[in-house]
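Notes follow once the structure below has been shown.
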Amino acid sequence: MIKSQIAPCEWFAIFIYRFPDIDFLRLVLPSFSALFRAMKTLFFLLSSFLSIAQCATISTQPLSQISCEGDSIRLTVASSGSTFQWEKRRPTDTKYTSITNARSKRYSFLSGGSTHPTGTYYRLKITLDKCISYSDSVLLVLRKAPIISSISVCEKALVPLSPLYFWTLNGLPVDSIIAQPLLHGAKLKAFVRHTTYPTGTCVLASNEVSLNVRTLPLAPSHVLKIVTACTGLPFSLNATGCSPSLTYWYNASGAKLGEGSRLPLVASDSSIFRASCVKSGCEGPLSTGVKTILFTIPSPPINTSATYFCSDVTITLQASGGLDNIWYESELTKSNLSTATALVMKAIHNTSAKDSILVRFASVKINDCESDRTPVIFRIKPRVKLLPLLAISLTGERTIILPEAQTFNGTPPYKISYTSTAKSLLGPYSSNGFLYRTVTDSLGCYIKDTTLVNYVRNGPIIHHLTARTETNCLMNNYRIRIDGCPLKTSGLNASKRYESPLADFILSGGNYTFFCNDGQTDTIQLNLPILKQPSSVVDKSFTSHICEADSAFLSLTIDSNVRFVGWEKDHHLYSQDKTITGLLPSGEYQNVLEENGCFYRSDIITLERRPNPPTPRLEKMGAFFIKAHSIGISEWLIDKTRSTDSLSFRKITEGREFYVRAKWMHKNLACYSPYSNVYLVERPAVYEFTAYPNPTNRMLTIEIAYDTENAMLYLFDLKGEMLDATEIKNSSRILNWDISRFPTGTYILKLISDGISQEKTIRKFL
């Protein structure tokens with residue numbers, strides 16, 4: 001069969017040539033286009049089939065790897081391919097991806113990390129012509145280094161080291177370690193050996209951790225080393241020094257009893273108990289211990305009290321059995337009424353006609369062990385009643401006629417006694433008063449009552465009283481003279497009665513009632529103000545003497561009801577202002593106050609002044625100093641900076657602006673003068689010196705105006721060449737210098753001191 005040599009485009013041209021009808025083409029062209037595309041697809045498939053070549057062969061497959069993380073991995077494939085590309089699929093990948101720069105039959109890399117983690121599959125993509133084939137997929141399994149945590153262990157304990165690893169301590173191999181304080185912070189490391197595939201082994205080291213050796217807590221202490229308790233009753237033991245850590249308790253045989261700084265116990269015999277502190281899981285040594293001493297509980301007391309008592313009286317209950325009975329109001333109450341041998345109490349107010357039965361409880365305590373409570377039963381008799389009397393009125397000085405006393409609820413026979421406010425038992429009364437009755441029955445129970453006695457003077461008022469009052473401000477009292485009473489005169493205030501046969505009284509302030517004792521005069525009421533020094537607060541600006549030029553003030557604070565008169569100086573009125581200030585003159589000051597017609601002077605306030613020195617004067621002294629003419633200690637202000645040097649003269653090289661003031665010391669007081677005139681230095685000063693004789697042929701004497709420090713003297717010729725130099729020692733002002741060795745001529749002499757340089761020209765002759 002002969003192949004057609006006509007190309008598809010030629011077939012298309014022939015087709016158009018044979019079918020020139022354009023309208024026909026418009027109808028058939030879409031169908032022809034689809035047919036052409038189908039033929040083209042069939043052509044390319046046939047062409048691809050005819051071009052398939054031989055695929056690459058693989059003679060050596062890569063091997064799966066079991067290695068330690070961080071080791072170098074080598075994958076090898078023997079193949080006849082032309083191009084190679086290694087691919088991998090990590091556990092987190094869904095498909096294989098190409099590895100960058102892995103285009104040879106061998107692929108080496110470092111295992112581990114996120115790039116080559118354990119569980120990754122690898123394969124080689126091999127291309128020969130257009131044939132692609134793949135090697136076997138191999139798995140990478142990595143053994144990881146152990147990870148250990150910081151180990152914390154108690155002092156003197158065995159450090160827990162896992163037998164799965166072998167260990168090093170500070171780089172030295174160890175099998176077991178006893179924790180010591182010196183090992184705190186030591187570095188621990190674990191190592192493990194793994195078998196690798198295809199061949200070999202590897203050793204992996206863990207991270208390095210620090211050994212934390214926890215110091216054992218100290219043994220606790222006991223405030224009470226001997227505890228007394230009662231047999232069969234609960235008590236507690238205390239240990240201090242563990243808080244906020246735990247406290248463990250042990251008995252004499254070493255058995256643990258409980259935890260906590262306080263251990264509750266009930267025991268039947270004496271023993272010893274020890275405690276330890278547990279901090280962060282570490283238990284320290286045992287304490288010296290607490291010894292317990294148990295006492296038996298004493299027998300209850302026996303009631304020895306009386307069987308009855310009167311109403312409203314103080315009673316005493318007694319019980320035998322011990323010197324320190326404990327009394328309770330009820331059998332179960334916890335708080336006691338008394339810890340004395342006897343219980344003293346107030347009997348109830350029994351208003352009924354029958355006895356009231358009461359009970360109290362007593363116990364005995366010996367060695368802090370308390371017995372059972374014994375009931376003490378007693379009776380309170382009914383209160384004796386006495387029918388009261390109506391108020392009694394007496395006209396004139398008469399005695400009282402009493403009716404028969406009527407009593408109830410007592411135990412006959414009765415005994416009645418009387419007292420009164422009159423001078424005798426039943427009168428006569430010279431003023432209003434009281435009658436007191438006391439009824440006592442056969443059992444000793446009694447009752448008292450009081451009856452008012454009203455006194456009315458005998459006859460009309462024939463005397464009228466008058467009073468004269470004199471105020472004694474110095475003594476803060478009054479002198480009262482009462483006129484119009486022919487007999488003894490009395491004065492009453494709220495708490496006391498005063499009597500005077502001459503009607504002459506010396507009284508302090510208050511409300512008084514004055515009357516005549518004959519009962520035939522009226523009364524006088526006097527309200528006398530209380531006399532006393534008014535309170536005041538003085539504020540002053542000085543506590544001792546001050547300088548003449550210093551300002552001072554005195555200020556007074558008083559109550560608004562008190563009148564301020566003024567300030568006195570040397571007992572003469574100085575000012576009527578409460579506050580005085582300024583250059584107050586020296587002297588003695590007092591404030592004067594007036595209240596209730598009395599004048600009061602305060603304590604003397606002494607103001608003493610000390611003179612200020614006169615203003616000093618500055619003038620220049622020579623060419624290099626400023627001298628202060630002052631009477632006192634000089635204080636300099638140089639360039640607005642205070643100087644601590646108190647000399648009377650200063651160097652002009654110290655500044656440009658000079659002030660001075662004088663100071664006088666009066667013990668601890670310093671008084672200053674005004675500042676002197678200002679001395680201004682127009683230009684910086686230079687050191688002045690002279691050299692003579694000039695000219696000279698041998699010895700040259702150099703004299704400096706004032707002392708220098710570390711100065712140098714140089715000799716130069718006219719060319720500027722230094723010929724000689726010498727150092728001027730401290731405090732030297734005159735120097736002799738031999739220049740005979742130098743030839744005849746003119747020379748320059750230069751002095752340098754404190755950074756200032758100055759020159760002189762000298763001549764040398766034969």
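Letters A, B, ... go to the chains of the structure tokens in the order shown; residues in each chain start at 1; ligands are counted from 1 in the same order.
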
Counting only C-alpha atoms, which residues of stretch 374-405 of chain A fall within 9 Å of stretch 315-333 of chain A, and what is the closest atom pair for each with its distance in Å at one decimal, ordered by chain and rising number, as a tab-separated table?
residue	atom	partner	partner_atom	distance
A:Thr374	CA	A:Glu331	CA	8.5
A:Pro375	CA	A:Glu331	CA	7.9
A:Val376	CA	A:Leu317	CA	7.8
A:Phe378	CA	A:Leu317	CA	8.8

Written file, previous selection with N, CA and C atoms, as a PDB file, in the first residue's frame:
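This is the output file selection36.pdb:
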ATOM      1  N   THR A 374     -19.606  19.745 141.156  1.00  0.00           N
ATOM      2  CA  THR A 374     -20.527  19.430 142.255  1.00  0.00           C
ATOM      3  C   THR A 374     -21.608  20.504 142.323  1.00  0.00           C
ATOM      4  N   PRO A 375     -22.908  20.114 142.334  1.00  0.00           N
ATOM      5  CA  PRO A 375     -23.963  21.118 142.459  1.00  0.00           C
ATOM      6  C   PRO A 375     -24.033  21.657 143.890  1.00  0.00           C
ATOM      7  N   VAL A 376     -24.131  22.983 143.996  1.00  0.00           N
ATOM      8  CA  VAL A 376     -24.280  23.652 145.295  1.00  0.00           C
ATOM      9  C   VAL A 376     -25.672  24.296 145.295  1.00  0.00           C
ATOM     10  N   PHE A 378     -28.891  26.157 147.134  1.00  0.00           N
ATOM     11  CA  PHE A 378     -29.188  27.052 148.255  1.00  0.00           C
ATOM     12  C   PHE A 378     -30.511  27.755 147.967  1.00  0.00           C
TER      13      PHE A 378
END

Residues within 8 Å of stretch 575-586 of chain A, only C-alpha atoms, excluding chain neighbours under 3 positions, as a ChimeraX atom specification: /A:548-557,564-568,606-609

Keeping C-alpha atoms, export the residues of the selection given above as a compact mmCIF listing (two decimals), in the first residue's frame.
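Contents of part_17.txt, as written:
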# COMPACT_ATOMS: atom_id res chain seq x y z
CA GLU A 548 20.11 93.20 115.67
CA ALA A 549 19.07 93.27 111.99
CA ASP A 550 16.83 90.20 112.11
CA SER A 551 13.04 90.51 111.94
CA ALA A 552 10.93 88.81 114.63
CA PHE A 553 7.27 88.27 115.41
CA LEU A 554 4.98 87.40 118.32
CA SER A 555 1.45 86.09 117.75
CA LEU A 556 -1.34 85.21 120.20
CA THR A 557 -4.33 82.87 119.76
CA PHE A 564 -7.18 90.95 124.43
CA VAL A 565 -5.80 94.12 126.06
CA GLY A 566 -2.41 94.27 124.33
CA TRP A 567 1.28 93.42 124.43
CA GLU A 568 3.42 94.97 127.16
CA THR A 606 12.50 87.70 126.68
CA LEU A 607 13.81 89.01 123.37
CA GLU A 608 17.58 89.58 123.33
CA ARG A 609 19.41 90.98 120.33

Would you kindly return, as a list in words, each protein, DNA or RNA residue with an atom no farther than 10 Å from any atom of A:Arg563, considering only C-alpha atoms and excluding same-chain residues fewer than 5 positions away?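 Returned residues: Pro534, Ile558, Val592, Leu593, Glu594, Glu595, Asn596 and Phe599 of chain A.
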
Extract, using only C-alpha atoms, all DNA, RNA and protein residues at most 8 Å from A:Thr521, discarding same-chain residues fewer than 4 positions from it, and format them as a list in words.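 Returned residues: Ile461, Ile462, His463, His464, Leu465, Cys485, Phe515 and Cys516 of chain A.
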
Show me, as a ChimeraX atom specification, the residues that have an atom within 9 Å of A:Leu263 when counting only C-alpha atoms, minus same-chain residues fewer than 2 positions from it. /A:235-239,249,257-261,265

Atoms to include: N, CA and C atoms. Write the selected residues as a compact mmCIF listing (two decimals), in the first residue's frame.
# COMPACT_ATOMS: atom_id res chain seq x y z
N PHE A 235 -5.15 16.93 124.61
CA PHE A 235 -4.20 18.03 124.74
C PHE A 235 -3.46 18.13 123.41
N SER A 236 -2.60 19.09 123.26
CA SER A 236 -1.89 19.29 121.99
C SER A 236 -0.43 19.63 122.25
N LEU A 237 0.41 19.27 121.27
CA LEU A 237 1.84 19.59 121.28
C LEU A 237 2.11 20.56 120.15
N ASN A 238 3.02 21.49 120.36
CA ASN A 238 3.33 22.52 119.37
C ASN A 238 4.80 22.44 118.97
N ALA A 239 5.03 22.72 117.69
CA ALA A 239 6.40 22.82 117.16
C ALA A 239 6.48 24.08 116.31
N TRP A 249 5.05 14.43 113.03
CA TRP A 249 5.20 14.06 114.44
C TRP A 249 5.43 12.55 114.55
N LEU A 257 2.69 9.93 113.80
CA LEU A 257 1.38 10.14 114.42
C LEU A 257 0.51 11.10 113.64
N GLY A 258 1.11 12.09 112.97
CA GLY A 258 0.29 13.06 112.26
C GLY A 258 1.16 14.18 111.69
N GLU A 259 0.45 15.16 111.11
CA GLU A 259 1.12 16.29 110.48
C GLU A 259 0.53 17.58 111.02
N GLY A 260 1.35 18.64 110.93
CA GLY A 260 0.88 19.96 111.36
C GLY A 260 1.70 20.47 112.53
N SER A 261 1.79 21.79 112.64
CA SER A 261 2.55 22.36 113.74
C SER A 261 1.93 22.07 115.09
N LEU A 265 -3.66 15.15 120.95
CA LEU A 265 -3.44 13.81 121.51
C LEU A 265 -4.39 13.56 122.67

For A:Glu499, find every residue with an atom within 10 Å (counting only C-alpha atoms), except residues of its own chain fewer than 6 positions away, and show them as a list of chain:residue names.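 Selected residues are A:Lys488, A:Thr489, A:Ser490, A:Gly491, A:Leu492, A:Phe505, A:Phe514, A:Phe515, A:Cys516, A:Asn517.
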
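The closest residue to A:Leu294, picked from A:Gly232, A:Gly171, A:Gly720, A:Pro264 and counting only C-alpha atoms, is A:Gly232.
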